[in-house]
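K.L.:
Sending over entry_3.cif (mmCIF, C-alpha atoms and all ligand atoms).
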data_work
loop_
_atom_site.group_PDB
_atom_site.id
_atom_site.type_symbol
_atom_site.label_atom_id
_atom_site.label_comp_id
_atom_site.auth_asym_id
_atom_site.auth_seq_id
_atom_site.Cartn_x
_atom_site.Cartn_y
_atom_site.Cartn_z
ATOM 1 C CA MET A 1 12.654 337.338 159.720
ATOM 2 C CA ASN A 2 11.652 340.928 158.808
ATOM 3 C CA THR A 3 9.608 343.183 161.105
ATOM 4 C CA GLU A 4 6.338 342.371 159.307
ATOM 5 C CA ASP A 5 6.866 338.622 159.735
ATOM 6 C CA THR A 6 7.781 339.096 163.410
ATOM 7 C CA GLN A 7 4.546 341.054 163.965
ATOM 8 C CA LYS A 8 2.464 338.416 162.143
ATOM 9 C CA LEU A 9 4.023 335.682 164.270
ATOM 10 C CA ALA A 10 3.286 337.600 167.487
ATOM 11 C CA ILE A 11 -0.378 338.015 166.437
ATOM 12 C CA MET A 12 -0.648 334.301 165.606
ATOM 13 C CA LYS A 13 0.844 333.368 168.972
ATOM 14 C CA GLN A 14 -1.631 335.651 170.732
ATOM 15 C CA ASP A 15 -4.522 334.131 168.716
ATOM 16 C CA VAL A 16 -3.488 330.710 169.990
ATOM 17 C CA GLU A 17 -3.282 332.023 173.556
ATOM 18 C CA ILE A 18 -6.746 333.664 173.263
ATOM 19 C CA ALA A 19 -8.279 330.460 171.855
ATOM 20 C CA ARG A 20 -6.741 328.439 174.698
ATOM 21 C CA ALA A 21 -7.780 330.947 177.376
ATOM 22 C CA LEU A 22 -11.430 331.085 176.221
ATOM 23 C CA SER A 23 -11.803 327.423 175.302
ATOM 24 C CA ASN A 24 -13.867 326.381 178.340
ATOM 25 C CA ILE A 25 -16.393 329.222 178.209
ATOM 26 C CA LYS A 26 -19.812 327.797 177.251
ATOM 27 C CA HIS A 27 -21.460 330.944 175.916
ATOM 28 C CA LYS A 28 -19.649 333.862 174.312
ATOM 29 C CA ILE A 29 -22.125 336.637 173.574
ATOM 30 C CA VAL A 30 -21.425 340.079 172.140
ATOM 31 C CA VAL A 31 -23.840 342.937 172.735
ATOM 32 C CA MET A 32 -23.831 345.504 169.967
ATOM 33 C CA SER A 33 -25.641 348.424 168.399
ATOM 34 C CA GLY A 34 -25.000 350.826 165.575
ATOM 35 C CA LYS A 35 -26.304 353.654 167.751
ATOM 36 C CA GLY A 36 -25.030 355.170 171.009
ATOM 37 C CA GLY A 37 -27.105 355.552 174.145
ATOM 38 C CA VAL A 38 -29.694 352.896 173.274
ATOM 39 C CA GLY A 39 -29.000 350.894 176.434
ATOM 40 C CA LYS A 40 -26.406 348.277 175.442
ATOM 41 C CA SER A 41 -24.550 348.441 178.756
ATOM 42 C CA THR A 42 -27.766 348.496 180.797
ATOM 43 C CA ILE A 43 -29.157 345.469 178.943
ATOM 44 C CA THR A 44 -25.791 343.674 179.196
ATOM 45 C CA VAL A 45 -25.822 344.125 182.984
ATOM 46 C CA LYS A 46 -29.439 342.982 183.306
ATOM 47 C CA LEU A 47 -28.874 339.861 181.192
ATOM 48 C CA ALA A 48 -25.627 339.051 183.029
ATOM 49 C CA GLU A 49 -27.545 339.211 186.303
ATOM 50 C CA GLU A 50 -30.137 336.791 184.920
ATOM 51 C CA PHE A 51 -27.375 334.333 183.967
ATOM 52 C CA ASN A 52 -25.920 334.815 187.450
ATOM 53 C CA ARG A 53 -29.294 334.131 189.100
ATOM 54 C CA ASP A 54 -29.576 330.971 186.997
ATOM 55 C CA GLY A 55 -26.328 329.685 188.503
ATOM 56 C CA TYR A 56 -23.924 330.538 185.683
ATOM 57 C CA LYS A 57 -20.588 332.135 186.440
ATOM 58 C CA VAL A 58 -20.698 335.175 184.195
ATOM 59 C CA CYS A 59 -18.165 337.849 183.294
ATOM 60 C CA ILE A 60 -18.788 341.096 181.437
ATOM 61 C CA LEU A 61 -15.904 342.348 179.325
ATOM 62 C CA ASP A 62 -16.347 346.095 178.944
ATOM 63 C CA ALA A 63 -14.965 346.685 175.450
ATOM 64 C CA ASP A 64 -15.871 350.363 175.592
ATOM 65 C CA ILE A 65 -12.371 351.810 175.868
ATOM 66 C CA HIS A 66 -13.343 355.499 175.732
ATOM 67 C CA GLY A 67 -16.526 355.398 177.816
ATOM 68 C CA PRO A 68 -16.436 352.388 180.146
ATOM 69 C CA ASP A 69 -19.684 352.495 182.155
ATOM 70 C CA ILE A 70 -19.956 348.923 183.387
ATOM 71 C CA PRO A 71 -17.928 349.416 186.631
ATOM 72 C CA GLU A 72 -20.114 352.369 187.664
ATOM 73 C CA MET A 73 -23.320 350.534 186.717
ATOM 74 C CA MET A 74 -22.203 347.516 188.741
ATOM 75 C CA GLN A 75 -21.116 349.611 191.707
ATOM 76 C CA VAL A 76 -17.454 348.725 191.528
ATOM 77 C CA HIS A 77 -16.076 351.816 193.213
ATOM 78 C CA GLU A 78 -12.652 350.697 194.374
ATOM 79 C CA PRO A 79 -11.620 347.821 192.151
ATOM 80 C CA GLU A 80 -8.988 345.482 193.461
ATOM 81 C CA VAL A 81 -7.014 343.905 190.648
ATOM 82 C CA THR A 82 -5.583 340.524 191.633
ATOM 83 C CA LEU A 83 -3.497 337.996 189.732
ATOM 84 C CA THR A 84 -3.441 334.221 189.487
ATOM 85 C CA GLY A 85 0.055 333.450 188.259
ATOM 86 C CA ASN A 86 0.553 336.060 185.552
ATOM 87 C CA LYS A 87 -3.160 336.262 184.646
ATOM 88 C CA ILE A 88 -5.534 339.044 185.735
ATOM 89 C CA ASN A 89 -8.588 337.902 187.703
ATOM 90 C CA PRO A 90 -11.913 339.488 186.739
ATOM 91 C CA THR A 91 -13.284 341.700 189.533
ATOM 92 C CA VAL A 92 -16.254 340.300 191.436
ATOM 93 C CA THR A 93 -19.095 342.826 191.780
ATOM 94 C CA PRO A 94 -21.565 342.959 194.698
ATOM 95 C CA SER A 95 -24.106 340.899 192.683
ATOM 96 C CA GLY A 96 -21.532 338.179 191.983
ATOM 97 C CA VAL A 97 -21.193 339.000 188.266
ATOM 98 C CA ARG A 98 -17.557 339.407 187.274
ATOM 99 C CA VAL A 99 -16.281 342.412 185.346
ATOM 100 C CA LEU A 100 -13.235 343.488 183.405
ATOM 101 C CA SER A 101 -12.845 347.056 182.296
ATOM 102 C CA ILE A 102 -10.082 349.370 181.169
ATOM 103 C CA GLU A 103 -11.253 351.667 183.978
ATOM 104 C CA PHE A 104 -9.625 349.371 186.547
ATOM 105 C CA PHE A 105 -6.223 350.188 185.039
ATOM 106 C CA LEU A 106 -6.546 353.984 184.830
ATOM 107 C CA PRO A 107 -5.071 356.370 187.419
ATOM 108 C CA SER A 108 -8.577 357.720 188.141
ATOM 109 C CA LYS A 109 -12.163 357.324 186.927
ATOM 110 C CA ASP A 110 -11.887 360.715 185.236
ATOM 111 C CA THR A 111 -8.758 359.858 183.230
ATOM 112 C CA PRO A 112 -9.562 359.892 179.495
ATOM 113 C CA VAL A 113 -8.194 357.180 177.232
ATOM 114 C CA ILE A 114 -6.759 359.113 174.282
ATOM 115 C CA TRP A 115 -5.869 356.250 171.972
ATOM 116 C CA ARG A 116 -6.107 355.469 168.277
ATOM 117 C CA GLY A 117 -7.157 352.125 166.798
ATOM 118 C CA PRO A 118 -4.037 349.944 167.188
ATOM 119 C CA LYS A 119 -3.698 350.673 170.925
ATOM 120 C CA LYS A 120 -7.386 349.922 171.493
ATOM 121 C CA THR A 121 -7.097 346.684 169.529
ATOM 122 C CA GLY A 122 -4.018 345.776 171.576
ATOM 123 C CA ALA A 123 -5.800 346.427 174.878
ATOM 124 C CA ILE A 124 -8.864 344.324 173.977
ATOM 125 C CA ARG A 125 -6.709 341.439 172.720
ATOM 126 C CA GLN A 126 -4.619 341.619 175.871
ATOM 127 C CA PHE A 127 -7.793 341.366 177.977
ATOM 128 C CA LEU A 128 -8.704 338.227 176.061
ATOM 129 C CA SER A 129 -5.282 336.593 176.307
ATOM 130 C CA ASP A 130 -4.018 337.746 179.719
ATOM 131 C CA VAL A 131 -7.095 337.198 181.877
ATOM 132 C CA ASN A 132 -7.823 334.212 184.069
ATOM 133 C CA TRP A 133 -11.002 332.911 182.411
ATOM 134 C CA ASP A 134 -10.968 329.649 184.352
ATOM 135 C CA GLY A 135 -14.394 328.694 185.680
ATOM 136 C CA ILE A 136 -16.302 331.322 183.656
ATOM 137 C CA ASP A 137 -19.400 329.862 181.934
ATOM 138 C CA VAL A 138 -20.654 332.960 180.140
ATOM 139 C CA LEU A 139 -18.690 335.826 178.632
ATOM 140 C CA MET A 140 -20.725 338.889 177.680
ATOM 141 C CA VAL A 141 -18.904 341.587 175.748
ATOM 142 C CA ASP A 142 -20.345 345.092 175.949
ATOM 143 C CA ASN A 143 -19.253 346.931 172.809
ATOM 144 C CA PRO A 144 -19.245 350.660 172.192
ATOM 145 C CA PRO A 145 -21.637 351.823 169.460
ATOM 146 C CA GLY A 146 -20.854 351.567 165.764
ATOM 147 C CA THR A 147 -18.822 349.341 163.526
ATOM 148 C CA GLY A 148 -15.309 350.593 164.320
ATOM 149 C CA ASP A 149 -12.135 349.338 165.980
ATOM 150 C CA GLU A 150 -13.518 347.873 169.204
ATOM 151 C CA PRO A 151 -16.426 345.767 167.847
ATOM 152 C CA LEU A 152 -14.280 344.734 164.881
ATOM 153 C CA THR A 153 -11.482 343.550 167.193
ATOM 154 C CA VAL A 154 -13.974 341.707 169.415
ATOM 155 C CA LEU A 155 -15.658 339.952 166.483
ATOM 156 C CA GLN A 156 -12.334 339.043 164.859
ATOM 157 C CA SER A 157 -10.429 337.969 167.971
ATOM 158 C CA ILE A 158 -12.907 335.824 169.921
ATOM 159 C CA PRO A 159 -13.131 332.361 168.400
ATOM 160 C CA SER A 160 -16.508 330.569 168.109
ATOM 161 C CA ILE A 161 -18.721 333.416 169.304
ATOM 162 C CA ASN A 162 -22.188 331.971 170.005
ATOM 163 C CA GLY A 163 -23.757 335.116 168.678
ATOM 164 C CA ALA A 164 -24.532 338.806 168.844
ATOM 165 C CA VAL A 165 -27.407 340.441 170.691
ATOM 166 C CA ILE A 166 -28.374 343.657 168.926
ATOM 167 C CA VAL A 167 -29.945 346.482 170.914
ATOM 168 C CA THR A 168 -31.939 349.322 169.394
ATOM 169 C CA THR A 169 -34.619 351.824 170.294
ATOM 170 C CA PRO A 170 -37.662 352.096 168.026
ATOM 171 C CA HIS A 171 -36.471 355.467 166.737
ATOM 172 C CA LYS A 172 -35.926 355.705 162.983
ATOM 173 C CA PHE A 173 -32.398 357.106 163.358
ATOM 174 C CA ALA A 174 -31.442 354.209 165.628
ATOM 175 C CA ILE A 175 -32.890 351.728 163.115
ATOM 176 C CA HIS A 176 -30.965 353.480 160.339
ATOM 177 C CA ASP A 177 -27.659 352.925 162.181
ATOM 178 C CA VAL A 178 -28.431 349.498 163.621
ATOM 179 C CA LYS A 179 -29.003 348.079 160.110
ATOM 180 C CA LYS A 180 -25.296 348.689 159.482
ATOM 181 C CA CYS A 181 -24.418 346.855 162.666
ATOM 182 C CA VAL A 182 -26.540 343.826 161.664
ATOM 183 C CA ASN A 183 -24.867 343.804 158.260
ATOM 184 C CA MET A 184 -21.421 343.954 159.885
ATOM 185 C CA VAL A 185 -22.194 340.950 162.099
ATOM 186 C CA LYS A 186 -23.582 339.037 159.116
ATOM 187 C CA HIS A 187 -20.574 340.001 156.992
ATOM 188 C CA MET A 188 -18.319 338.523 159.657
ATOM 189 C CA LYS A 189 -20.373 335.316 159.678
ATOM 190 C CA ILE A 190 -21.322 335.669 163.344
ATOM 191 C CA PRO A 191 -24.840 334.448 164.192
ATOM 192 C CA VAL A 192 -27.322 337.050 165.454
ATOM 193 C CA LEU A 193 -29.076 335.727 168.565
ATOM 194 C CA GLY A 194 -31.746 338.374 168.292
ATOM 195 C CA ILE A 195 -32.901 341.961 168.486
ATOM 196 C CA ILE A 196 -33.892 343.753 171.693
ATOM 197 C CA GLU A 197 -35.942 346.934 171.524
ATOM 198 C CA ASN A 198 -35.149 349.171 174.501
ATOM 199 C CA MET A 199 -37.018 352.322 175.624
ATOM 200 C CA SER A 200 -40.037 351.038 173.695
ATOM 201 C CA TYR A 201 -42.582 353.079 175.586
ATOM 202 C CA LEU A 202 -43.186 354.919 178.848
ATOM 203 C CA LYS A 203 -46.151 353.899 180.980
ATOM 204 C CA CYS A 204 -47.822 357.012 182.393
ATOM 205 C CA PRO A 205 -47.578 356.737 186.193
ATOM 206 C CA SER A 206 -51.030 358.359 186.623
ATOM 207 C CA CYS A 207 -53.247 356.727 183.989
ATOM 208 C CA GLY A 208 -51.127 353.762 182.788
ATOM 209 C CA GLU A 209 -51.344 354.853 179.139
ATOM 210 C CA LYS A 210 -48.382 353.811 177.020
ATOM 211 C CA ILE A 211 -46.509 356.743 175.527
ATOM 212 C CA PHE A 212 -44.358 355.798 172.551
ATOM 213 C CA LEU A 213 -41.466 358.219 173.000
ATOM 214 C CA PHE A 214 -39.409 357.087 170.026
ATOM 215 C CA GLY A 215 -41.991 355.616 167.637
ATOM 216 C CA LYS A 216 -43.414 352.104 167.453
ATOM 217 C CA GLU A 217 -42.230 348.640 166.473
ATOM 218 C CA GLY A 218 -38.774 349.604 165.164
ATOM 219 C CA GLY A 219 -37.233 346.508 166.712
ATOM 220 C CA LYS A 220 -39.807 344.167 165.173
ATOM 221 C CA TYR A 221 -39.344 345.841 161.802
ATOM 222 C CA LEU A 222 -35.572 345.200 162.024
ATOM 223 C CA ALA A 223 -36.067 341.580 163.049
ATOM 224 C CA GLU A 224 -38.473 340.981 160.172
ATOM 225 C CA LYS A 225 -36.290 342.761 157.625
ATOM 226 C CA PHE A 226 -33.269 340.587 158.451
ATOM 227 C CA ASN A 227 -35.243 337.456 159.373
ATOM 228 C CA LEU A 228 -33.944 337.505 162.958
ATOM 229 C CA ARG A 229 -35.455 336.492 166.274
ATOM 230 C CA PHE A 230 -37.129 339.362 168.151
ATOM 231 C CA LEU A 231 -36.090 338.838 171.774
ATOM 232 C CA GLY A 232 -38.418 341.414 173.293
ATOM 233 C CA LYS A 233 -39.131 344.967 174.380
ATOM 234 C CA VAL A 234 -37.941 346.893 177.420
ATOM 235 C CA PRO A 235 -40.030 349.931 178.426
ATOM 236 C CA PHE A 236 -38.559 353.229 179.519
ATOM 237 C CA ASP A 237 -38.383 353.354 183.304
ATOM 238 C CA THR A 238 -36.528 355.972 185.308
ATOM 239 C CA ARG A 239 -35.771 353.347 187.980
ATOM 240 C CA MET A 240 -33.689 351.425 185.423
ATOM 241 C CA THR A 241 -30.552 353.325 186.315
ATOM 242 C CA ALA A 242 -29.124 351.077 189.016
ATOM 243 C CA THR A 243 -28.600 347.365 189.504
ATOM 244 C CA ASP A 244 -30.354 347.502 192.849
ATOM 245 C CA ALA A 245 -33.602 348.910 191.441
ATOM 246 C CA PRO A 246 -36.675 347.217 192.930
ATOM 247 C CA PRO A 247 -38.523 344.633 190.828
ATOM 248 C CA THR A 248 -40.357 346.555 188.155
ATOM 249 C CA LEU A 249 -42.153 345.960 184.896
ATOM 250 C CA ILE A 250 -38.681 345.996 183.374
ATOM 251 C CA HIS A 251 -37.652 342.982 185.391
ATOM 252 C CA SER A 252 -40.459 340.817 184.018
ATOM 253 C CA GLU A 253 -39.685 341.973 180.475
ATOM 254 C CA ILE A 254 -35.982 341.185 180.974
ATOM 255 C CA ARG A 255 -36.941 337.690 182.234
ATOM 256 C CA LYS A 256 -38.899 337.118 179.000
ATOM 257 C CA ILE A 257 -35.986 338.358 176.914
ATOM 258 C CA PHE A 258 -33.593 336.129 178.849
ATOM 259 C CA LYS A 259 -35.827 333.102 178.213
ATOM 260 C CA ASN A 260 -35.881 333.896 174.473
ATOM 261 C CA LEU A 261 -32.119 334.420 174.476
ATOM 262 C CA LYS A 262 -31.605 330.994 176.015
ATOM 263 C CA GLU A 263 -33.807 329.511 173.265
ATOM 264 C CA SER A 264 -31.636 331.253 170.684
ATOM 265 C CA LEU A 265 -28.498 329.863 172.310
ATOM 266 C CA LYS A 266 -30.009 326.371 172.252
ATOM 267 C CA ASP A 267 -30.700 326.684 168.518
ATOM 268 C CA ARG A 268 -27.018 327.401 167.832
HETATM 269 N N1 LIG B 1 -35.205 351.172 179.558
HETATM 270 C C1 LIG B 1 -34.624 352.232 180.084
HETATM 271 N N2 LIG B 1 -35.340 353.125 180.803
HETATM 272 C C2 LIG B 1 -34.761 354.251 181.323
HETATM 273 N N3 LIG B 1 -33.461 354.552 181.171
HETATM 274 C C3 LIG B 1 -32.695 353.702 180.470
HETATM 275 C C4 LIG B 1 -33.225 352.499 179.903
HETATM 276 N N4 LIG B 1 -32.195 351.858 179.269
HETATM 277 C C5 LIG B 1 -31.118 352.611 179.434
HETATM 278 N N5 LIG B 1 -31.400 353.716 180.146
HETATM 279 C C6 LIG B 1 -30.485 354.835 180.507
HETATM 280 O O1 LIG B 1 -30.046 355.407 179.278
HETATM 281 C C7 LIG B 1 -28.694 355.812 179.384
HETATM 282 C C8 LIG B 1 -27.853 355.122 178.306
HETATM 283 O O2 LIG B 1 -27.844 353.728 178.589
HETATM 284 P P1 LIG B 1 -26.548 352.853 178.347
HETATM 285 O O3 LIG B 1 -25.330 353.519 178.881
HETATM 286 O O4 LIG B 1 -26.860 351.485 178.801
HETATM 287 O O5 LIG B 1 -26.500 352.911 176.757
HETATM 288 P P2 LIG B 1 -25.332 352.416 175.778
HETATM 289 O O6 LIG B 1 -26.015 352.049 174.506
HETATM 290 O O7 LIG B 1 -24.540 351.359 176.435
HETATM 291 O O8 LIG B 1 -24.499 353.725 175.630
HETATM 292 P P3 LIG B 1 -23.092 353.937 174.888
HETATM 293 O O9 LIG B 1 -23.429 354.706 173.664
HETATM 294 O O10 LIG B 1 -22.278 354.687 175.884
HETATM 295 O O11 LIG B 1 -22.518 352.566 174.588
HETATM 296 C C9 LIG B 1 -28.255 355.458 180.803
HETATM 297 O O12 LIG B 1 -28.406 356.603 181.605
HETATM 298 C C10 LIG B 1 -29.238 354.385 181.221
HETATM 299 O O13 LIG B 1 -29.446 354.364 182.631
#
Would you mind writing the structure in this file as structure tokens?
P.N.:
Amino acid sequence: MNTEDTQKLAIMKQDVEIARALSNIKHKIVVMSGKGGVGKSTITVKLAEEFNRDGYKVCILDADIHGPDIPEMMQVHEPEVTLTGNKINPTVTPSGVRVLSIEFFLPSKDTPVIWRGPKKTGAIRQFLSDVNWDGIDVLMVDNPPGTGDEPLTVLQSIPSINGAVIVTTPHKFAIHDVKKCVNMVKHMKIPVLGIIENMSYLKCPSCGEKIFLFGKEGGKYLAEKFNLRFLGKVPFDTRMTATDAPPTLIHSEIRKIFKNLKESLKDR
């Protein structure tokens, strides 16, 4: 066998291992956006907590290799990595949601990951194949923005993805980039579970007037253009920075979005 054949065989073996490892997970959801900073990680955490509250065992896979924020958002300050046999156990966060992130394997939180595509692909595939997924009901993958190595690896490597949740703000530049993301997901024949519009408006704390910081109805426009389900809007709220924020308007909006997401999952 030449080197190319050996490599192909190794990839096929890993594909089999990934399919076996993930076979009992009920819902595999990828969260994506063509644009950075629109709130993918924040929304991923909020939705994972809703699944958790509903009694599902949920794990977030932080596929953002260069800027992993999920551990910080979920208050995992000193991660303890444990093994079952030769498989890595996801880390349990204070809320009960499980998390896996490259950050747990770096010498410090400030260590940069200076990797090109093949190493990033290798790391994500290793997370999928070498993790103890037993007992997990819902896998949510938080992708970095764009249509590059990480989302491509996620979409290609995870078999039978239930669908993608696409996050955008109403801003025209976000919409411009998110269209590409929707087309990528469609191109890869992955169902889109719906569009979430984040940072839709800010409610003035004094008079209650809605201020549309980034324009209006961008998310609905996207959903209509691609004939997709609009899952809902999340307002801008400065208290939305931590998982332990008190119940706010955001919480009720997230509950509505979660209900719509579950409808979308049922339709699949
Ligand atoms: N609805 C909101 N109201 C106020 N702040 C928000 C809201 N959603 C997200 N944020 C804040 O915006 C910033 C970016 O959010 P987040 O990291 O979730 O975006 P992202 O799309 O995952 O970013 P990245 O480009 O790194 O993938 C964070 O500081 C987050 O706390």
K.L.:
Running the PyMOL selection byres (((not hetatm)) within 8 of (chain B and resi 1)) on this model by hand, what would come out? Give it as a ChimeraX atom specification.
P.N.:
/A:33,35-44,64,67-69,142-145,167,198-200,234-242,250
K.L.:
Can you spell out as a ChimeraX atom specification the set of residues that the PyMOL selection byres (((chain A and resi 211) around 10) and not hetatm) selects in the structure I just provided?
P.N.:
/A:200-204,208-210,212-216,235-236
K.L.:
Quick one: pull the distance between atom CA of A:Val92 and atom CA of A:Ala123, Å, one decimal.
P.N.:
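Computing it gives 20.5 Å between the two atoms.
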K.L.:
From the options A:Gln126, A:Asn132, A:Asn2, A:Thr147, which residue's atoms come nearest to A:Leu83, counting only C-alpha atoms?
P.N.:
A:Asn132
K.L.:
Considering all atoms listed in the file, state which residue in the set A:Phe127, A:Phe226, A:Tyr56, A:Phe258 is at the smallest distance from A:Lys180.
P.N.:
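Result for the nearest residue to A:Lys180: A:Phe226.
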K.L.:
Between atom CA of A:His171 and atom CA of A:Ile60, what is the distance in Å, rounded to a tenth?
P.N.:
27.1 Å
K.L.:
Report the residues retrieved by the PyMOL selection byres (((chain A and resi 136) around 10) and not hetatm) from the displayed file, expressed as a PyMOL selection string.
P.N.:
chain A and resi 22+24-27+56-59+90+98+132-135+137-139
K.L.:
Compare A:Ile102, A:Met140, A:Pro159, A:Pro79 by their minimum atom-to-atom distance to A:Val45, counting all atoms listed in the file, and give me the closest one.
P.N.:
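Residue with the minimum atom-to-atom distance to A:Val45: A:Met140.
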K.L.:
One decimal, in Å: what's the spacing between atom CA of A:Val141 and atom CA of A:Phe230?
P.N.:
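That distance, rounded to one decimal, is 19.9 Å.
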K.L.:
What's around A:Ile190 at 8 Å? Count all atoms listed in the file, leave out sequence neighbours fewer than 3 positions away in its own chain, and write the answer as a PyMOL selection string.
P.N.:
chain A and resi 155+161-164+185-187
